[in-house]
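run-v6.cif (mmCIF, C-alpha atoms)
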```
data_my_file
loop_
_atom_site.label_atom_id
_atom_site.label_comp_id
_atom_site.auth_asym_id
_atom_site.auth_seq_id
_atom_site.Cartn_x
_atom_site.Cartn_y
_atom_site.Cartn_z
CA MET A 251 101.33 25.28 52.70
CA ASN A 252 99.17 24.27 55.66
CA ALA A 253 97.10 27.42 55.23
CA LEU A 254 96.66 26.61 51.55
CA LEU A 255 95.52 23.06 52.32
CA ALA A 256 93.21 24.26 55.07
CA HIS A 257 91.26 26.38 52.58
CA ALA A 258 91.59 24.08 49.55
CA PRO A 259 88.62 21.86 48.72
CA VAL A 260 90.79 18.71 48.72
CA ALA A 261 87.86 16.28 48.48
CA TRP A 262 86.53 18.16 45.45
CA TYR A 263 89.95 18.09 43.76
CA VAL A 264 90.36 14.35 44.45
CA ALA A 265 86.83 13.63 43.17
CA ARG A 266 87.51 15.50 39.94
CA ALA A 267 90.95 13.95 39.42
CA ALA A 268 89.75 10.40 40.18
CA GLY A 269 86.74 10.87 37.90
CA LEU A 270 88.93 11.98 35.00
CA VAL A 271 91.40 9.12 35.55
CA ALA A 272 88.55 6.58 35.87
CA PHE A 273 87.05 7.80 32.60
CA ALA A 274 90.45 7.61 30.87
CA LEU A 275 91.07 4.04 32.10
CA LEU A 276 87.59 2.83 31.19
CA THR A 277 87.86 4.47 27.76
CA LEU A 278 91.17 2.68 27.18
CA SER A 279 89.51 -0.57 28.22
CA VAL A 280 86.68 0.02 25.74
CA TRP A 281 89.19 0.77 22.98
CA LEU A 282 91.09 -2.44 23.70
CA GLY A 283 87.89 -4.48 23.87
CA LEU A 284 86.72 -3.13 20.55
CA ALA A 285 90.13 -3.56 18.95
CA MET A 286 90.11 -7.19 20.02
CA SER A 287 86.55 -7.83 18.86
CA THR A 288 87.23 -6.30 15.44
CA ARG A 289 90.24 -8.61 15.13
CA LEU A 290 92.32 -5.85 13.65
CA LEU A 291 95.13 -7.23 15.75
CA GLY A 292 96.59 -10.64 15.31
CA PRO A 293 95.71 -13.50 17.65
CA ARG A 294 99.02 -13.16 19.51
CA ARG A 295 98.43 -9.49 20.26
CA GLN A 296 94.87 -10.23 21.26
CA LYS A 297 96.15 -12.73 23.79
CA LEU A 298 98.55 -10.12 25.15
CA LEU A 299 95.97 -7.34 25.32
CA PHE A 300 93.13 -9.26 26.89
CA PRO A 301 94.60 -9.16 30.44
CA TRP A 302 95.19 -5.42 29.98
CA HIS A 303 91.53 -5.00 28.95
CA GLN A 304 90.51 -6.62 32.24
CA THR A 305 93.08 -4.77 34.34
CA LEU A 306 92.13 -1.39 32.93
CA ALA A 307 88.47 -2.07 33.67
CA TRP A 308 89.17 -3.01 37.31
CA THR A 309 91.61 -0.15 37.85
CA GLY A 310 89.05 2.20 36.33
CA LEU A 311 86.49 0.88 38.80
CA SER A 312 88.93 1.47 41.67
CA MET A 313 89.34 5.07 40.55
CA LEU A 314 85.56 5.30 40.28
CA ALA A 315 85.31 4.16 43.91
CA LEU A 316 87.80 6.90 44.85
CA HIS A 317 85.72 9.43 42.85
CA VAL A 318 82.55 8.42 44.70
CA GLY A 319 84.26 8.25 48.08
CA ALA A 320 85.77 11.70 47.69
CA LEU A 321 82.37 13.13 46.73
CA LEU A 322 80.96 11.88 50.05
CA PHE A 323 83.51 14.05 51.87
CA ASP A 324 82.86 17.18 49.83
CA PRO A 325 81.41 19.81 52.16
CA THR A 326 79.77 21.84 49.37
CA LEU A 327 77.72 19.28 47.47
CA HIS A 328 76.50 17.33 50.53
CA PHE A 329 76.27 14.01 48.72
CA GLY A 330 74.91 11.13 50.76
CA ILE A 331 75.35 7.41 50.20
CA ALA A 332 72.02 7.23 48.35
CA SER A 333 72.97 10.14 46.07
CA VAL A 334 76.05 8.36 44.77
CA LEU A 335 74.59 4.85 44.57
CA ALA A 336 71.00 5.32 43.38
CA PRO A 337 70.06 7.06 40.14
CA PHE A 338 68.08 10.31 40.51
CA ALA A 339 68.62 10.38 44.29
CA SER A 340 70.85 13.41 43.99
CA THR A 341 69.31 16.86 44.19
CA TRP A 342 72.33 18.39 42.41
CA ARG A 343 71.97 17.88 38.63
CA PRO A 344 69.96 14.66 39.07
CA ALA A 345 70.04 13.54 35.41
CA ALA A 346 73.79 14.11 35.00
CA VAL A 347 74.59 12.32 38.27
CA ALA A 348 72.17 9.49 37.40
CA ALA A 349 74.03 8.95 34.11
CA GLY A 350 77.24 8.50 36.07
CA VAL A 351 75.62 6.19 38.63
CA VAL A 352 74.11 3.92 35.95
CA ALA A 353 77.41 3.92 34.01
CA GLY A 354 79.23 2.91 37.18
CA TRP A 355 76.89 0.03 37.95
CA LEU A 356 77.04 -1.18 34.34
CA THR A 357 80.83 -1.09 34.45
CA LEU A 358 80.84 -3.09 37.67
CA VAL A 359 78.57 -5.73 36.11
CA LEU A 360 80.76 -5.86 32.97
CA ALA A 361 84.00 -6.15 34.94
CA SER A 362 82.51 -8.84 37.17
CA SER A 363 81.34 -10.75 34.12
CA PHE A 364 84.95 -11.71 33.37
CA ARG A 365 84.84 -13.98 36.42
CA PHE A 366 81.51 -15.53 35.52
CA ARG A 367 82.29 -15.93 31.85
CA LYS A 368 82.24 -19.70 31.91
CA ARG A 369 78.91 -19.77 33.72
CA ILE A 370 77.32 -17.16 31.46
CA GLY A 371 78.70 -18.73 28.31
CA GLN A 372 80.57 -17.07 25.47
CA LYS A 373 77.40 -15.92 23.66
CA GLY A 374 75.80 -14.46 26.78
CA TRP A 375 79.05 -12.80 27.77
CA ARG A 376 79.36 -11.17 24.35
CA ARG A 377 75.75 -9.96 24.49
CA LEU A 378 76.33 -8.57 27.95
CA HIS A 379 79.35 -6.73 26.62
CA TYR A 380 77.13 -4.66 24.32
CA ALA A 381 76.18 -2.81 27.50
CA SER A 382 79.68 -1.35 27.46
CA PHE A 383 78.54 1.01 24.67
CA ALA A 384 75.74 2.27 26.90
CA ALA A 385 78.13 2.59 29.85
CA PHE A 386 80.59 4.56 27.72
CA VAL A 387 77.94 6.96 26.38
CA LEU A 388 76.47 7.49 29.87
CA ALA A 389 79.92 8.08 31.38
CA LEU A 390 80.75 10.58 28.62
CA GLY A 391 77.43 12.36 29.16
CA HIS A 392 78.06 12.43 32.92
CA ALA A 393 81.56 13.86 32.41
CA LEU A 394 80.29 16.59 30.10
CA ALA A 395 77.16 17.51 32.06
CA ALA A 396 78.37 17.17 35.64
CA GLY A 397 82.11 17.66 35.29
CA SER A 398 83.42 21.12 35.98
CA ASP A 399 86.61 20.61 33.96
CA LEU A 400 85.03 19.85 30.62
CA LYS A 401 83.23 23.00 29.64
CA GLY A 402 83.70 24.52 26.20
CA ILE A 403 86.63 23.43 24.07
CA SER A 404 87.95 20.90 26.59
CA GLY A 405 84.62 19.05 26.48
CA GLN A 406 84.67 18.95 22.68
CA ALA A 407 88.25 17.71 22.77
CA LEU A 408 87.28 14.95 25.19
CA VAL A 409 84.42 13.82 22.94
CA ALA A 410 86.74 13.76 19.91
CA VAL A 411 89.58 11.94 21.67
CA ALA A 412 87.46 9.42 23.61
CA ALA A 413 84.55 8.78 21.27
CA GLY A 414 86.44 9.00 17.96
CA PRO A 415 88.21 5.63 18.25
CA VAL A 416 85.06 4.05 19.73
CA ILE A 417 83.00 5.14 16.70
CA TRP A 418 85.74 4.13 14.28
CA LEU A 419 86.30 0.72 15.88
CA GLY A 420 82.54 0.20 16.26
CA LEU A 421 82.03 0.82 12.54
CA ALA A 422 84.94 -1.49 11.76
CA ARG A 423 83.33 -4.11 13.98
CA ILE A 424 80.05 -3.84 12.07
CA LEU A 425 81.37 -3.42 8.54
CA MET A 426 84.42 -5.65 8.48
CA PRO A 427 83.80 -9.22 7.42
CA ARG A 428 84.04 -11.54 10.39
CA SER A 429 85.70 -14.79 9.59
CA SER A 430 85.69 -17.53 12.15
CA SER A 431 89.47 -17.51 12.23
CA ALA A 432 91.78 -18.56 15.00
CA ALA A 433 91.32 -15.23 16.74
CA ARG A 434 88.31 -16.31 18.77
CA PRO A 435 89.93 -19.32 20.40
CA ALA A 436 92.95 -17.16 21.22
CA VAL A 437 90.82 -14.69 23.19
CA GLN A 438 88.87 -17.48 24.83
CA ALA A 439 92.06 -19.10 25.94
CA ALA A 440 93.27 -15.81 27.37
CA GLY A 441 90.11 -15.38 29.40
CA MET B 231 102.40 -7.15 37.34
CA GLN B 232 100.18 -5.15 34.97
CA ARG B 233 97.78 -4.51 37.85
CA VAL B 234 100.59 -2.98 39.87
CA TRP B 235 101.62 -0.79 36.94
CA ALA B 236 98.06 0.30 36.22
CA THR B 237 97.49 1.16 39.89
CA VAL B 238 100.77 3.06 40.25
CA VAL B 239 100.21 5.07 37.07
CA SER B 240 96.60 5.82 38.04
CA VAL B 241 97.49 7.00 41.54
CA TRP B 242 100.24 9.24 40.18
CA ALA B 243 97.85 10.61 37.57
CA VAL B 244 95.31 11.45 40.29
CA LEU B 245 97.98 13.13 42.41
CA ALA B 246 99.25 15.11 39.42
CA ILE B 247 95.75 16.35 38.55
CA VAL B 248 95.04 17.25 42.19
CA ALA B 249 98.29 19.21 42.29
CA ALA B 250 97.42 20.95 39.02
CA LEU B 251 93.94 21.86 40.28
CA ALA B 252 95.32 23.14 43.57
CA TRP B 253 97.97 25.14 41.72
CA ALA B 254 95.43 26.61 39.31
CA HIS B 255 93.05 27.65 42.08
CA ALA B 256 95.59 28.73 44.65
CA PRO B 257 94.78 32.20 46.01
CA VAL B 258 97.34 34.74 44.90
CA ALA B 259 99.22 35.70 48.02
CA ARG B 260 100.17 39.36 47.74
CA PRO B 261 103.24 40.24 49.72
CA LEU B 262 102.26 42.82 52.26
CA SER B 263 104.56 45.76 52.01
CA GLN B 264 105.75 47.17 55.25
CA PRO B 265 104.48 50.62 56.26
CA THR B 266 107.03 53.12 55.10
CA ALA B 267 108.11 56.25 56.82
CA MET B 268 110.18 59.07 55.47
CA THR B 269 111.29 62.44 56.56
CA LEU B 270 110.79 65.46 54.34
CA LEU B 271 112.45 68.76 54.72
CA VAL B 272 109.97 71.53 54.04
CA LYS B 273 111.18 75.07 53.65
CA GLY B 274 108.89 77.73 55.01
CA LYS B 275 108.27 81.22 53.63
CA ASN B 276 110.49 82.81 56.23
CA GLY B 277 113.38 80.57 55.33
CA THR B 278 112.96 78.18 58.18
CA THR B 279 113.26 74.51 57.51
CA GLN B 280 110.79 72.16 59.01
CA ARG B 281 111.12 68.43 59.18
CA VAL B 282 107.94 66.53 58.31
CA HIS B 283 107.83 62.85 59.22
CA VAL B 284 105.47 61.05 56.86
CA VAL B 285 104.22 57.71 58.12
CA GLY B 286 102.88 55.65 55.22
CA VAL B 287 100.67 52.58 55.25
CA ALA B 288 100.94 49.26 53.45
CA ALA B 289 100.54 49.41 49.68
CA GLY B 290 97.08 48.45 48.56
CA ALA B 291 95.44 49.65 51.73
CA THR B 292 92.69 52.15 51.32
CA THR B 293 93.49 54.24 54.32
CA HIS B 294 95.33 57.46 53.75
CA ALA B 295 98.74 58.31 55.02
CA THR B 296 99.08 60.40 58.10
CA THR B 297 101.61 63.08 58.64
CA GLN B 298 103.32 63.92 61.82
CA SER B 299 105.12 67.17 62.06
CA SER B 300 108.09 67.54 64.24
CA PRO B 301 108.37 70.64 66.30
CA PRO B 302 110.32 73.48 64.68
CA PRO B 303 114.00 73.38 65.41
CA VAL B 304 114.90 75.34 68.45
CA GLY B 305 117.07 78.33 67.70
#
```
Take the structure in this file and express it as structure tokens.
Amino acid sequence: MNALLAHAPVAWYVARAAGLVAFALLTLSVWLGLAMSTRLLGPRRQKLLFPWHQTLAWTGLSMLALHVGALLFDPTLHFGIASVLAPFASTWRPAAVAAGVVAGWLTLVLASSFRFRKRIGQKGWRRLHYASFAAFVLALGHALAAGSDLKGISGQALVAVAAGPVIWLGLARILMPRSSSAARPAVQAAG
Amino acid sequence: MQRVWATVVSVWAVLAIVAALAWAHAPVARPLSQPTAMTLLVKGKNGTTQRVHVVGVAAGATTHATTQSSPPPVG
């Protein structure tokens, strides 16, 4: 067992695992956010799901931190602090890594915005939340282009599973008539 | 409470994926077979029997086996 661990690229395994879990958590958070904004769910469910939307975003960010931290310890890729924090600073697949870096920063801004919601205002907060679409697309692109676990059929499956509900809920958000019902105050009260 | 649940589930998910990756990429450890030795009885043209001690090497090794002949039985 010790011999196996001595030769196993543990940092690389942790980086891959944390990246996949972070993407799953952030995707779930996007699904919940969209489901709440489309008001497909009743006001009571919205009130219940809003804290989960926040929690999933922050837990996803924690896993993202683990993903980045593990990459710093990988002896093969030789990532430095700048490579994982600044877009296009990485020499290894710069565009793919930059997509992940920008998605990470956007997610951090979006998650932090929950705390500054009152200062930003409801309208500004909602506008800021449109950046979550960009963050999702960039994260998906990063996972497909830089991830070593999502080549071929597994990549296509990820796109279908992760992006399918986002597209469906996004279309529902655009096409469904939005009535100024009691749903909005319910979410506001939850936040 | 939901933060605790989300953290616990996430950490277990990471550990499970790490274990799966390690399992999938683990080098296949081939059991090394012990060198085998056996004794053959070889009958000569003149009716004499000669014992031949064959010392083998581990399976999978590229080296050839060596033979070691015992001296002919006295008498």
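Between CA of Ala353 (chain A) and CA of Ala268 (chain A) the interatomic distance comes to 15.2 Å.
Near region 336-338 of chain A, within a cut-off of 8 Å and counting all atoms listed in the file, sit the residues Ala332, Ser333, Thr341, Pro344, Ala345, Val347, Ala348, Ala349, Val351 and Val352 of chain A, with same-chain residues fewer than 3 positions away left out.
Using only C-alpha atoms, the chain B residues found within 12 Å of chain A amount to B:Met231, B:Gln232, B:Arg233, B:Val234, B:Trp235, B:Ala236, B:Thr237, B:Val238, B:Val239, B:Ser240, B:Val241, B:Trp242, B:Ala243, B:Val244, B:Leu245, B:Ala246, B:Ile247, B:Val248, B:Ala249, B:Ala250, B:Leu251, B:Ala252, B:Trp253, B:Ala254, B:His255, B:Ala256, B:Pro257, B:Val258, B:Ala259.
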- Task: Return the single residue from A:Leu299, A:Leu311, A:Ala320, A:Met426 that is closest to Leu358 (chain A), with distances computed using all atoms listed in the file.
- Result: A:Leu311
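Nearest residue to Phe364 (chain A) among A:His317, A:His303, A:Arg289, A:Arg295 is A:His303, counting only C-alpha atoms.
Across A:Leu335, A:Ala410, A:Leu360, A:Leu291, the tightest approach to Trp375 (chain A) is made by A:Leu360 when counting all atoms listed in the file.
For the file at hand, the PyMOL selection byres ((chain A and resi 363) around 12) resolves to Gln304, Ala307, Trp308, Leu356, Thr357, Leu358, Val359, Leu360, Ala361, Ser362, Phe364, Arg365, Phe366, Arg367, Lys368, Arg369, Ile370, Gly371, Gln372, Gly374, Trp375, Arg376, Arg377, Leu378, His379, Ala381, Ser382 and Gly441 of chain A.
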- Query: Which neighbours of Ile417 (chain A) fall inside 12 Å, counting all atoms listed in the file, when residues of the same chain fewer than 5 positions from it are skipped, and could you give them as a PyMOL selection string?
  - Reply: chain A and resi 280-281+284-285+383+386-387+409-412+422-425
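Going from CA of Trp342 (chain A) over to CA of Leu400 (chain A), you cover 17.4 Å.
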- CA of Val285 (chain B) to CA of Lys273 (chain B), straight-line distance in Å: 19.2 Å
- Item | Ground truth for the PyMOL selection byres ((chain B and resi 281) around 7), written as a PyMOL selection string | chain B and resi 269-272+279-280+282-283+299-300
- Residue nearest Leu276 (chain A) - candidates A:Leu390, A:Leu321, A:Ala346, A:Val334, atoms counted: only C-alpha atoms: A:Leu390
